[in-house]
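Trainee: What follows is my_file12.cif, mmCIF, C-alpha atoms.
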```cif
data_structure
loop_
_atom_site.group_PDB
_atom_site.id
_atom_site.type_symbol
_atom_site.label_atom_id
_atom_site.label_comp_id
_atom_site.auth_asym_id
_atom_site.auth_seq_id
_atom_site.Cartn_x
_atom_site.Cartn_y
_atom_site.Cartn_z
ATOM 1 C CA MET A 1 14.785 6.472 -46.325
ATOM 2 C CA ARG A 2 11.499 4.583 -46.607
ATOM 3 C CA LYS A 3 13.224 1.373 -45.531
ATOM 4 C CA LEU A 4 14.759 3.082 -42.501
ATOM 5 C CA LEU A 5 11.535 4.660 -41.243
ATOM 6 C CA PRO A 6 9.951 1.380 -39.965
ATOM 7 C CA LEU A 7 13.243 0.540 -38.205
ATOM 8 C CA VAL A 8 13.416 3.969 -36.560
ATOM 9 C CA LEU A 9 9.771 3.743 -35.466
ATOM 10 C CA SER A 10 10.225 0.243 -34.068
ATOM 11 C CA LEU A 11 13.077 1.520 -31.902
ATOM 12 C CA ALA A 12 11.251 4.684 -30.810
ATOM 13 C CA VAL A 13 7.995 3.068 -29.679
ATOM 14 C CA PRO A 14 9.562 1.059 -26.812
ATOM 15 C CA CYS A 15 11.349 4.218 -25.636
ATOM 16 C CA VAL A 16 8.042 6.089 -25.482
ATOM 17 C CA ALA A 17 6.503 3.237 -23.470
ATOM 18 C CA LEU A 18 9.423 3.322 -21.025
ATOM 19 C CA ALA A 19 9.094 7.060 -20.598
ATOM 20 C CA GLN A 20 5.396 6.698 -19.780
ATOM 21 C CA ASP A 21 6.132 4.017 -17.142
ATOM 22 C CA ALA A 22 8.770 6.200 -15.488
ATOM 23 C CA ALA A 23 6.286 9.060 -15.176
ATOM 24 C CA ALA A 24 3.506 6.856 -13.782
ATOM 25 C CA PRO A 25 1.993 8.339 -10.631
ATOM 26 C CA VAL A 26 2.747 6.659 -7.331
ATOM 27 C CA SER A 27 -0.305 4.990 -5.815
ATOM 28 C CA ALA A 28 -1.231 2.281 -3.351
ATOM 29 C CA GLN A 29 -4.111 -0.079 -2.871
ATOM 30 C CA VAL A 30 -4.675 -0.622 0.874
ATOM 31 C CA LYS A 31 -6.713 -3.354 2.588
ATOM 32 C CA VAL A 32 -6.992 -4.492 6.209
ATOM 33 C CA GLY A 33 -7.557 -8.148 7.053
ATOM 34 C CA THR A 34 -6.888 -10.979 9.459
ATOM 35 C CA ALA A 35 -3.857 -12.449 7.641
ATOM 36 C CA VAL A 36 -1.524 -12.159 4.675
ATOM 37 C CA VAL A 37 -0.966 -15.446 2.830
ATOM 38 C CA ASN A 38 1.000 -15.808 -0.412
ATOM 39 C CA HIS A 39 1.276 -12.003 -0.712
ATOM 40 C CA ASP A 40 -2.508 -11.505 -0.571
ATOM 41 C CA VAL A 41 -4.741 -10.301 2.234
ATOM 42 C CA GLU A 42 -7.219 -12.706 3.826
ATOM 43 C CA GLY A 43 -10.261 -11.806 5.879
ATOM 44 C CA ALA A 44 -10.412 -8.289 4.449
ATOM 45 C CA SER A 45 -13.162 -6.194 5.982
ATOM 46 C CA ASP A 46 -14.001 -2.733 7.230
ATOM 47 C CA SER A 47 -15.253 -4.043 10.592
ATOM 48 C CA PHE A 48 -13.584 -6.435 13.028
ATOM 49 C CA GLN A 49 -14.559 -7.993 16.355
ATOM 50 C CA VAL A 50 -11.391 -9.358 17.930
ATOM 51 C CA ALA A 51 -10.023 -10.724 21.178
ATOM 52 C CA PRO A 52 -7.332 -8.710 22.976
ATOM 53 C CA GLU A 53 -3.806 -9.194 21.556
ATOM 54 C CA THR A 54 -5.133 -9.875 18.017
ATOM 55 C CA LYS A 55 -3.078 -8.713 15.044
ATOM 56 C CA LEU A 56 -4.781 -7.094 12.062
ATOM 57 C CA TYR A 57 -2.748 -6.809 8.884
ATOM 58 C CA THR A 58 -2.573 -3.866 6.506
ATOM 59 C CA TRP A 59 -1.796 -5.131 2.995
ATOM 60 C CA VAL A 60 -0.449 -2.580 0.523
ATOM 61 C CA LYS A 61 0.125 -2.903 -3.224
ATOM 62 C CA VAL A 62 2.378 -0.025 -4.267
ATOM 63 C CA SER A 63 2.799 1.081 -7.888
ATOM 64 C CA GLY A 64 5.232 3.625 -9.295
ATOM 65 C CA ALA A 65 7.554 3.777 -6.272
ATOM 66 C CA ALA A 66 10.394 1.365 -7.036
ATOM 67 C CA GLU A 67 13.518 1.613 -4.896
ATOM 68 C CA SER A 68 11.864 3.736 -2.233
ATOM 69 C CA LYS A 69 10.182 3.492 1.147
ATOM 70 C CA ILE A 70 6.632 4.032 2.268
ATOM 71 C CA THR A 71 5.118 4.489 5.692
ATOM 72 C CA VAL A 72 1.933 2.849 6.939
ATOM 73 C CA ALA A 73 0.401 5.000 9.673
ATOM 74 C CA TYR A 74 -2.385 3.821 11.978
ATOM 75 C CA LEU A 75 -4.810 6.543 13.019
ATOM 76 C CA LYS A 76 -7.472 6.076 15.705
ATOM 77 C CA GLU A 77 -10.344 8.502 15.261
ATOM 78 C CA GLY A 78 -8.055 10.794 13.240
ATOM 79 C CA LYS A 79 -5.071 10.789 15.643
ATOM 80 C CA GLU A 80 -1.877 9.019 14.558
ATOM 81 C CA ILE A 81 -1.062 6.254 17.034
ATOM 82 C CA THR A 82 1.845 4.455 15.362
ATOM 83 C CA LYS A 83 3.590 4.064 12.014
ATOM 84 C CA VAL A 84 5.784 1.527 10.249
ATOM 85 C CA GLU A 85 8.327 2.169 7.486
ATOM 86 C CA LEU A 86 8.435 -0.409 4.672
ATOM 87 C CA ALA A 87 10.873 -0.880 1.799
ATOM 88 C CA VAL A 88 9.565 -0.936 -1.784
ATOM 89 C CA PRO A 89 12.316 -2.510 -3.922
ATOM 90 C CA ARG A 90 10.364 -2.726 -7.210
ATOM 91 C CA SER A 91 7.080 -1.728 -8.792
ATOM 92 C CA PRO A 92 4.468 -2.950 -8.436
ATOM 93 C CA PHE A 93 5.223 -4.405 -5.015
ATOM 94 C CA ARG A 94 3.025 -5.990 -2.342
ATOM 95 C CA THR A 95 3.958 -5.595 1.301
ATOM 96 C CA TYR A 96 2.250 -5.456 4.670
ATOM 97 C CA SER A 97 2.435 -4.344 8.267
ATOM 98 C CA TYR A 98 0.353 -5.238 11.288
ATOM 99 C CA LYS A 99 -0.972 -3.711 14.470
ATOM 100 C CA THR A 100 -1.776 -5.650 17.612
ATOM 101 C CA PHE A 101 -5.109 -4.562 19.080
ATOM 102 C CA ARG A 102 -5.437 -4.566 22.853
ATOM 103 C CA ALA A 103 -8.127 -3.672 25.371
ATOM 104 C CA GLY A 104 -8.916 0.008 24.929
ATOM 105 C CA ASP A 105 -8.218 -0.037 21.172
ATOM 106 C CA SER A 106 -11.889 -0.283 20.143
ATOM 107 C CA GLY A 107 -12.929 2.468 17.775
ATOM 108 C CA THR A 108 -12.678 3.845 14.267
ATOM 109 C CA TRP A 109 -9.286 3.376 12.605
ATOM 110 C CA THR A 110 -7.572 4.325 9.346
ATOM 111 C CA ALA A 111 -4.490 2.707 7.839
ATOM 112 C CA VAL A 112 -2.753 5.247 5.574
ATOM 113 C CA ALA A 113 0.058 4.461 3.134
ATOM 114 C CA ARG A 114 2.318 7.470 2.583
ATOM 115 C CA ALA A 115 5.254 8.144 0.279
ATOM 116 C CA ALA A 116 8.608 9.170 1.756
ATOM 117 C CA ASP A 117 7.630 12.840 1.317
ATOM 118 C CA GLY A 118 4.395 12.318 3.303
ATOM 119 C CA THR A 119 2.044 12.263 0.307
ATOM 120 C CA GLU A 120 -0.948 9.992 0.915
ATOM 121 C CA LEU A 121 -0.933 7.086 -1.543
ATOM 122 C CA GLY A 122 -3.971 5.174 -0.313
ATOM 123 C CA LYS A 123 -5.925 4.318 2.809
ATOM 124 C CA ALA A 124 -8.397 1.926 4.363
ATOM 125 C CA ASP A 125 -10.958 2.904 6.999
ATOM 126 C CA PHE A 126 -12.073 0.204 9.440
ATOM 127 C CA SER A 127 -13.588 -0.239 12.880
ATOM 128 C CA VAL A 128 -12.401 -2.525 15.651
ATOM 129 C CA GLN A 129 -14.327 -3.861 18.611
ATOM 130 C CA VAL A 130 -11.965 -5.510 21.121
ATOM 131 C CA GLN A 131 -13.955 -7.942 23.246
#
```
If you took the structure in this file and wrote it as structure tokens, what would it be?

Mentor:
Amino acid sequence: MRKLLPLVLSLAVPCVALAQDAAAPVSAQVKVGTAVVNHDVEGASDSFQVAPETKLYTWVKVSGAAESKITVAYLKEGKEITKVELAVPRSPFRTYSYKTFRAGDSGTWTAVARAADGTELGKADFSVQVQ
């Protein structure tokens, strides 16, 4: 029995690790920037001065939500203006969406990443001044 115990433990430990990964909470890191290059955000900030028709990108790194979908909603001063659904094929996974800012879009904005059930996973607050 003593010889079998290390074998049994060596098989059980990976199973425990897998069970912990499966129960990991779903979360998202959210950043807003001027571009996404090689799966990373560039020009990340919480304040932008842009010309009309400029795209700002919302970069999202999702963990714990493999084979699902998330929604990125854009809220201006607390009111939802638009939203984009994005596929999350594996975990962790980096994805992005963008919003084109036009005249009249100046103000305080929030990009919110939500799970399929509407649960907030992460957000980024930012301001935009369209010149």

Trainee: Residues of region 69-127 of chain A that have any atom at most 6 Å from an atom of region 42-62 of chain A: could you tabulate them with the shortest-distance atom pair and the distance in Å to one decimal, using only C-alpha atoms, ordered by chain and increasing number, as JSON lines?

Mentor:
```
{"residue": "A:Pro92", "atom": "CA", "partner": "A:Val62", "partner_atom": "CA", "distance": 5.5}
{"residue": "A:Phe93", "atom": "CA", "partner": "A:Val62", "partner_atom": "CA", "distance": 5.3}
{"residue": "A:Arg94", "atom": "CA", "partner": "A:Lys61", "partner_atom": "CA", "distance": 4.3}
{"residue": "A:Thr95", "atom": "CA", "partner": "A:Val60", "partner_atom": "CA", "distance": 5.4}
{"residue": "A:Tyr96", "atom": "CA", "partner": "A:Trp59", "partner_atom": "CA", "distance": 4.4}
{"residue": "A:Ser97", "atom": "CA", "partner": "A:Thr58", "partner_atom": "CA", "distance": 5.3}
{"residue": "A:Tyr98", "atom": "CA", "partner": "A:Tyr57", "partner_atom": "CA", "distance": 4.2}
{"residue": "A:Lys99", "atom": "CA", "partner": "A:Lys55", "partner_atom": "CA", "distance": 5.5}
{"residue": "A:Thr100", "atom": "CA", "partner": "A:Lys55", "partner_atom": "CA", "distance": 4.2}
{"residue": "A:Phe101", "atom": "CA", "partner": "A:Glu53", "partner_atom": "CA", "distance": 5.4}
{"residue": "A:Arg102", "atom": "CA", "partner": "A:Pro52", "partner_atom": "CA", "distance": 4.6}
{"residue": "A:Ala103", "atom": "CA", "partner": "A:Pro52", "partner_atom": "CA", "distance": 5.6}
{"residue": "A:Phe126", "atom": "CA", "partner": "A:Asp46", "partner_atom": "CA", "distance": 4.2}
{"residue": "A:Ser127", "atom": "CA", "partner": "A:Ser47", "partner_atom": "CA", "distance": 4.7}
```

Trainee: Give me a file of those residues, with C-alpha atoms, as a CSV table (one decimal), in the frame of the given file.

Mentor:
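Saved result, part27.csv, follows:
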```csv
chain,number,residue,atom,x,y,z
A,92,PRO,CA,4.5,-3.0,-8.4
A,93,PHE,CA,5.2,-4.4,-5.0
A,94,ARG,CA,3.0,-6.0,-2.3
A,95,THR,CA,4.0,-5.6,1.3
A,96,TYR,CA,2.2,-5.5,4.7
A,97,SER,CA,2.4,-4.3,8.3
A,98,TYR,CA,0.4,-5.2,11.3
A,99,LYS,CA,-1.0,-3.7,14.5
A,100,THR,CA,-1.8,-5.6,17.6
A,101,PHE,CA,-5.1,-4.6,19.1
A,102,ARG,CA,-5.4,-4.6,22.9
A,103,ALA,CA,-8.1,-3.7,25.4
A,126,PHE,CA,-12.1,0.2,9.4
A,127,SER,CA,-13.6,-0.2,12.9
```

Trainee: Closest to Ala115 (chain A) among A:Ala66, A:Glu77, A:Val26, A:Val130, using all atoms listed in the file?

Mentor: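 Answer, going by the shortest atom-to-atom distance: A:Val26.
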
Trainee: Quick one, how far is CA of Ala116 (chain A) from CA of Val84 (chain A)?

Mentor: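 Interatomic distance, CA of Ala116 (chain A) to CA of Val84 (chain A): 11.8 Å.
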
Trainee: For a cut-off of 10 Å around (-7.0, 5.0, 14.7), file coordinates, pick out all residues using all atoms listed in the file and list them as an NGL selection string.

Mentor: :A and (73-82 or 105-111 or 125-128)

Trainee: Please determine, counting all atoms listed in the file, which residue among A:Gly122, A:Pro89, A:Gly64, A:Gly104 has the shortest atom-to-atom distance to Lys31 (chain A).

Mentor: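 Using all atoms listed in the file, the shortest distance to Lys31 (chain A) belongs to A:Gly122.
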
Trainee: Pick out the closest residue to Gln29 (chain A) from this set: A:Ala65, A:Leu121, A:Val88, A:Val72. Count all atoms listed in the file.

Mentor: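 The shortest atom-to-atom distance to Gln29 (chain A) comes from A:Leu121.
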
Trainee: Kindly indicate which residue among A:Gly33, A:Ala113, A:Ser63, A:Lys69 lies nearest to Lys83 (chain A), using only C-alpha atoms for the distances.

Mentor: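 Closest to Lys83 (chain A) of all the choices is A:Ala113.
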
Trainee: Take CA of Val36 (chain A) and CA of Arg90 (chain A) and report the distance between them in Å, one decimal.

Mentor: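 That distance, rounded to one decimal, is 19.3 Å.
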
Trainee: When distances are computed from all atoms listed in the file, which of A:Ser91, A:Thr119, A:Gln129, A:Thr34 shows the smallest separation from Ser68 (chain A)?

Mentor: A:Ser91

Trainee: Kindly give the distance, in Å, that separates CA of Ala28 (chain A) and CA of Val112 (chain A), rounded to a single decimal.

Mentor: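 Separating CA of Ala28 (chain A) from CA of Val112 (chain A) is a distance of 9.5 Å.
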
Trainee: Up to 6 Å from (6.1, 2.0, 2.9) in the file's coordinates: name the residues, counting all atoms listed in the file, as a PyMOL selection string.

Mentor: chain A and resi 69-72+85-87
